[in-house]
Amino acid sequence: MRDAIVSYLGHKLILPFYQAQYRQFMASLDEATDLRREFLLDLVRRSRQTAFGERHDFSSIHSIEDFRKAVPIGDYLDLEPYIARVAAGEQTAILPGDEKILAFACTTGTTGVPKLLPVTRRWLDSYQRWWRMWGAKAVTDHPGSATKRKRWLQISGPLHIDKTPSGHAIGMVSAISARYQNPIFQLFYCVPYQIGDLAIPELRQYALARLSMAHSVGFIITITPGNLIHLAQTRDLHKAEIIRDIHDGTLKGLSKIAPASLRSKLSRLLRPMPERARELETIVGQHGTLYPRHYWDLELISCWIAGTVGYQSSNLEPYYGDCPVRDIGYISTEGRHTITTDDQSATGILVPGDSFYEFVPEDGSEPLLPHEIESGHSYSVLLTSANGLFRYTLGDIVRCQGHIGQSPLVEFVRKTSDVSDLEGEKISAGQAIAAVQAGAAALGIEVSGFSFFGERPADGRPRYAIFMEVRNVPDLKRELADRLSATIDDQLVSMNIMYRQKRTDGSLRAPRLVSLPKETWHAFGAIQSRKRRTGESQYKQPAFLSPEQMDELYALLDDLDDQGPAITALAGE
């Protein structure tokens with residue numbers, strides 16, 4: 001009955017609503033410059049009596065030019081003292097007094113400092129508006145995802161990671177958005193967003209698989225394709241238990257779920273479905289495996305498809321079949337920045353309002369406004385938004401691919417700073433160095449050089465390989481290497497809240513340690529110095545190897561192979 005109601009709502013309400021919303025969005029692109037200016041000046045006016053506004057003389061700002069002269073470009077460290085005061089209860093440090101704070105979103109800064117960003121009602125309305133706009137185009141292009149008797153599967157992060165001193169919940173922005181989503185839209189989802197709060201990763205993955213497999217799913221929304229691959233593997237690994245649970249209307253591990261309110265909510269979703277169980281058993285008998293392509297007729301998968309995070313989207317087909325894939329767009333904890341409009345393309349339309357953007361050319365010249373940037377050129381991004389960010393450096397490089405009206409088409413290219421980001425953990429070079437130093441000191445190992453490399457194996461979850469050369473241990477045995485790798489892992493967990501979360505929810509595997517022959521890094525540095533035409537004294541060992549550098553390292557190791565075993569994978573294989 002519920003699926004029939006959802007299908008009716010999709011056909012009669014959701015699809016027409018989305019189509020009308022998208023037409024309005026496209027029409028607004030011709031006045032995007034005015035919309036952004038109006039947003040900025042209204043935000044400045046409302047923020048005049050904040051501590052930040054008083055310090056930067058917001059009362060004298062009446063134009064974009066005034067704003068740029070009064071407010072310097074900054075990063076999270078510049079704004080963190082104000083945001084910390086808000087988190088402690090002093091809202092007007094950087095937010096207008098009439099704003100309603102709903103929660104704090106969490107991400108990790110490039111300096112290793114956890115970033116907390118206030119989620120206000122005004123900001124969240126904007127964030128959800130642009131998500132709906134993205135959905136409007138996606139569902140319009142794939143109407144079966146809303147009008148057929150199929151559910152949506154959205155994989156969100158936890159809603160409750162921690163609390164601020166003032167008592168506000170700290171969570172992932174995806175979960176906060178889901179928490180405050182219109183109840184009508186929540187009817188479409190086959191799994192409640194509260195699943196993200198399950199502390200035991202194996203139980204979370206199992207519950208996600210069991211609840212979604214009971215239904216026909218047509219639309220999947222998540223951030224990383226690696227999540228989808230891992231989920232498909234979990235389903236197949238536990239297929240017998242899942243089928244039994246679906247048949248009996250049970251959920252293995254239900255008694256371990258806390259809090260009781262979540263356990264009660266999940267209990268209400270469970271009912272015996274022997275017919276569905278028999279369907280799945282038949283599929284196992286036919287194929288020997290139980291992958292989503294066998295039991296779901298998917299209309300659309302949405303996830304990142306570009307960059308290092310999106311790489312594994314090319315490995316989805318064996319698990320999910322020949323299903324269209326649409327990039328979810330350029331989004332971050334700071335906001336939704338673009339609306340992608342085509343399958344298999346990461347290029348999107350910069351949103352026309354609710355935020356003020358500036359683009360800094362690669363040569364470091366004066367920032368440009370969105371309608372001023374040029375196709376084929378790359379820029380770093382500055383953001384001013386309603387959650388306390390003013391001329392904030394996002395740390396991203398994007399490329400302009402043209403314009404529609406007064407809004408550019410942009411595509412994310414890479415991060416600007418020395419960080420590694422496989423699944424949203426954003427490990428900084430400082431964190432990598434500190435973790436290795438602490439691990440080596442704890443075990444009495446002298447490290448002469450190391451670099452991390454983010455691996456994305458086609459048949460498993462991503463992880464970090466740590467290529468290390470040591471001085472005082474002639475033969476790094478497996479047991480000692482395992483201890484060192486585990487200690488480094490523990491250090492990263494302790495200093496990086498998002499790395500901890502990604503390890504906890506199973507998005508990242510434990511790192512593996514690779515032992516290099518002595519003098520490897522010296523030879524590698526000489527190669528890099530010659531290539532860059534710099535002296536060896538100027539060479540800095542990279543905390544993170546690029547794919548090109550990884551190829552060069554392997555080539556070097558092949559050359560050194562005559563001297564003995566060139567490379568030994570030890571820990572975390």
# chains A, B, ... in the order shown; residues from 1 in each chain; ligands from 1
call {"tool": "closest_atom_pairs", "arguments": {"of": "region 420-495 of chain A", "to": "region 501-511 of chain A", "cutoff": "6 Å", "atoms": "only C-alpha atoms", "output": "tab-separated table"}}
result
residue	atom	partner	partner_atom	distance
A:Pro462	CA	A:Leu508	CA	5.5
A:Arg463	CA	A:Arg509	CA	5.0
A:Tyr464	CA	A:Pro511	CA	4.7
A:Ala465	CA	A:Pro511	CA	5.7
call {"tool": "residues_around", "arguments": {"residues": "region 361-363 of chain A", "least_positions_apart": "5", "cutoff": "10 Å", "atoms": "only C-alpha atoms", "output": "list in words"}}
result
Leu368, Ile373, Glu374, His377, Ser378, Tyr379, Ser380, Val381 and Ile397 of chain A
call {"tool": "closest_residue", "arguments": {"among": "A:Asp42, A:Thr341, A:Gln541, A:Asp34", "to": "His371 (chain A)", "atoms": "only C-alpha atoms"}}
result
A:Asp34
call {"tool": "closest_residue", "arguments": {"among": "A:Glu334, A:Asp57, A:Glu455, A:Glu38", "to": "Leu124 (chain A)", "atoms": "only C-alpha atoms"}}
result
A:Glu334
call {"tool": "closest_residue", "arguments": {"among": "A:Leu35, A:Ile64, A:Leu79, A:Val410", "to": "Tyr392 (chain A)", "atoms": "only C-alpha atoms"}}
result
A:Leu79
call {"tool": "residues_around", "arguments": {"residues": "region 471-480 of chain A", "least_positions_apart": "2", "cutoff": "7 Å", "atoms": "only C-alpha atoms", "output": "ChimeraX atom specification"}}
result
/A:445-448,469,482-484,570-571
call {"tool": "write_last_selection", "arguments": {"atoms": "N, CA and C atoms", "output": "PDB file, in the first residue's frame"}}
result
ATOM      1  N   ILE A 445      61.552   2.994  16.591  1.00  0.00           N
ATOM      2  CA  ILE A 445      61.958   2.849  15.188  1.00  0.00           C
ATOM      3  C   ILE A 445      62.380   4.212  14.642  1.00  0.00           C
ATOM      4  N   GLU A 446      63.488   4.237  13.925  1.00  0.00           N
ATOM      5  CA  GLU A 446      63.960   5.465  13.298  1.00  0.00           C
ATOM      6  C   GLU A 446      63.560   5.454  11.824  1.00  0.00           C
ATOM      7  N   VAL A 447      62.704   6.372  11.466  1.00  0.00           N
ATOM      8  CA  VAL A 447      62.205   6.451  10.085  1.00  0.00           C
ATOM      9  C   VAL A 447      63.053   7.453   9.318  1.00  0.00           C
ATOM     10  N   SER A 448      63.634   7.009   8.219  1.00  0.00           N
ATOM     11  CA  SER A 448      64.452   7.913   7.417  1.00  0.00           C
ATOM     12  C   SER A 448      63.648   8.569   6.309  1.00  0.00           C
ATOM     13  N   GLU A 469      60.982   3.887   4.834  1.00  0.00           N
ATOM     14  CA  GLU A 469      62.368   3.431   4.929  1.00  0.00           C
ATOM     15  C   GLU A 469      62.835   3.677   6.362  1.00  0.00           C
ATOM     16  N   ASP A 482      53.253  -4.704  11.661  1.00  0.00           N
ATOM     17  CA  ASP A 482      51.828  -4.666  12.009  1.00  0.00           C
ATOM     18  C   ASP A 482      51.578  -3.709  13.168  1.00  0.00           C
ATOM     19  N   ARG A 483      52.445  -3.765  14.178  1.00  0.00           N
ATOM     20  CA  ARG A 483      52.292  -2.887  15.337  1.00  0.00           C
ATOM     21  C   ARG A 483      52.473  -1.423  14.938  1.00  0.00           C
ATOM     22  N   LEU A 484      53.472  -1.162  14.082  1.00  0.00           N
ATOM     23  CA  LEU A 484      53.710   0.211  13.650  1.00  0.00           C
ATOM     24  C   LEU A 484      52.539   0.731  12.838  1.00  0.00           C
ATOM     25  N   LEU A 570      54.143  -5.361   4.032  1.00  0.00           N
ATOM     26  CA  LEU A 570      54.167  -6.044   5.319  1.00  0.00           C
ATOM     27  C   LEU A 570      52.824  -6.023   6.016  1.00  0.00           C
ATOM     28  N   ALA A 571      52.446  -4.831   6.486  1.00  0.00           N
ATOM     29  CA  ALA A 571      51.271  -4.747   7.351  1.00  0.00           C
ATOM     30  C   ALA A 571      50.012  -4.473   6.561  1.00  0.00           C
TER      31      ALA A 571
END
call {"tool": "closest_atom_pairs", "arguments": {"of": "region 457-532 of chain A", "to": "region 542-562 of chain A", "cutoff": "12 Å", "atoms": "only C-alpha atoms", "output": "CSV"}}
result
residue,atom,partner,partner_atom,distance
A:Tyr464,CA,A:Phe544,CA,9.8
A:Ala465,CA,A:Phe544,CA,10.0
A:Ile466,CA,A:Phe544,CA,9.2
A:Phe467,CA,A:Leu545,CA,9.6
A:Met468,CA,A:Ala543,CA,11.0
A:Ser515,CA,A:Leu557,CA,11.5
A:Leu516,CA,A:Leu557,CA,8.5
A:Pro517,CA,A:Leu560,CA,8.5
A:Lys518,CA,A:Leu560,CA,10.3
A:Glu519,CA,A:Leu560,CA,10.1
A:Thr520,CA,A:Leu557,CA,7.7
A:Trp521,CA,A:Leu553,CA,8.9
A:His522,CA,A:Leu556,CA,11.1
A:Ala523,CA,A:Leu556,CA,8.0
A:Phe524,CA,A:Leu553,CA,6.8
A:Gly525,CA,A:Pro542,CA,9.7
A:Ala526,CA,A:Leu556,CA,11.2
A:Ile527,CA,A:Glu552,CA,8.8
A:Gln528,CA,A:Gln549,CA,8.8
A:Lys531,CA,A:Glu552,CA,11.3
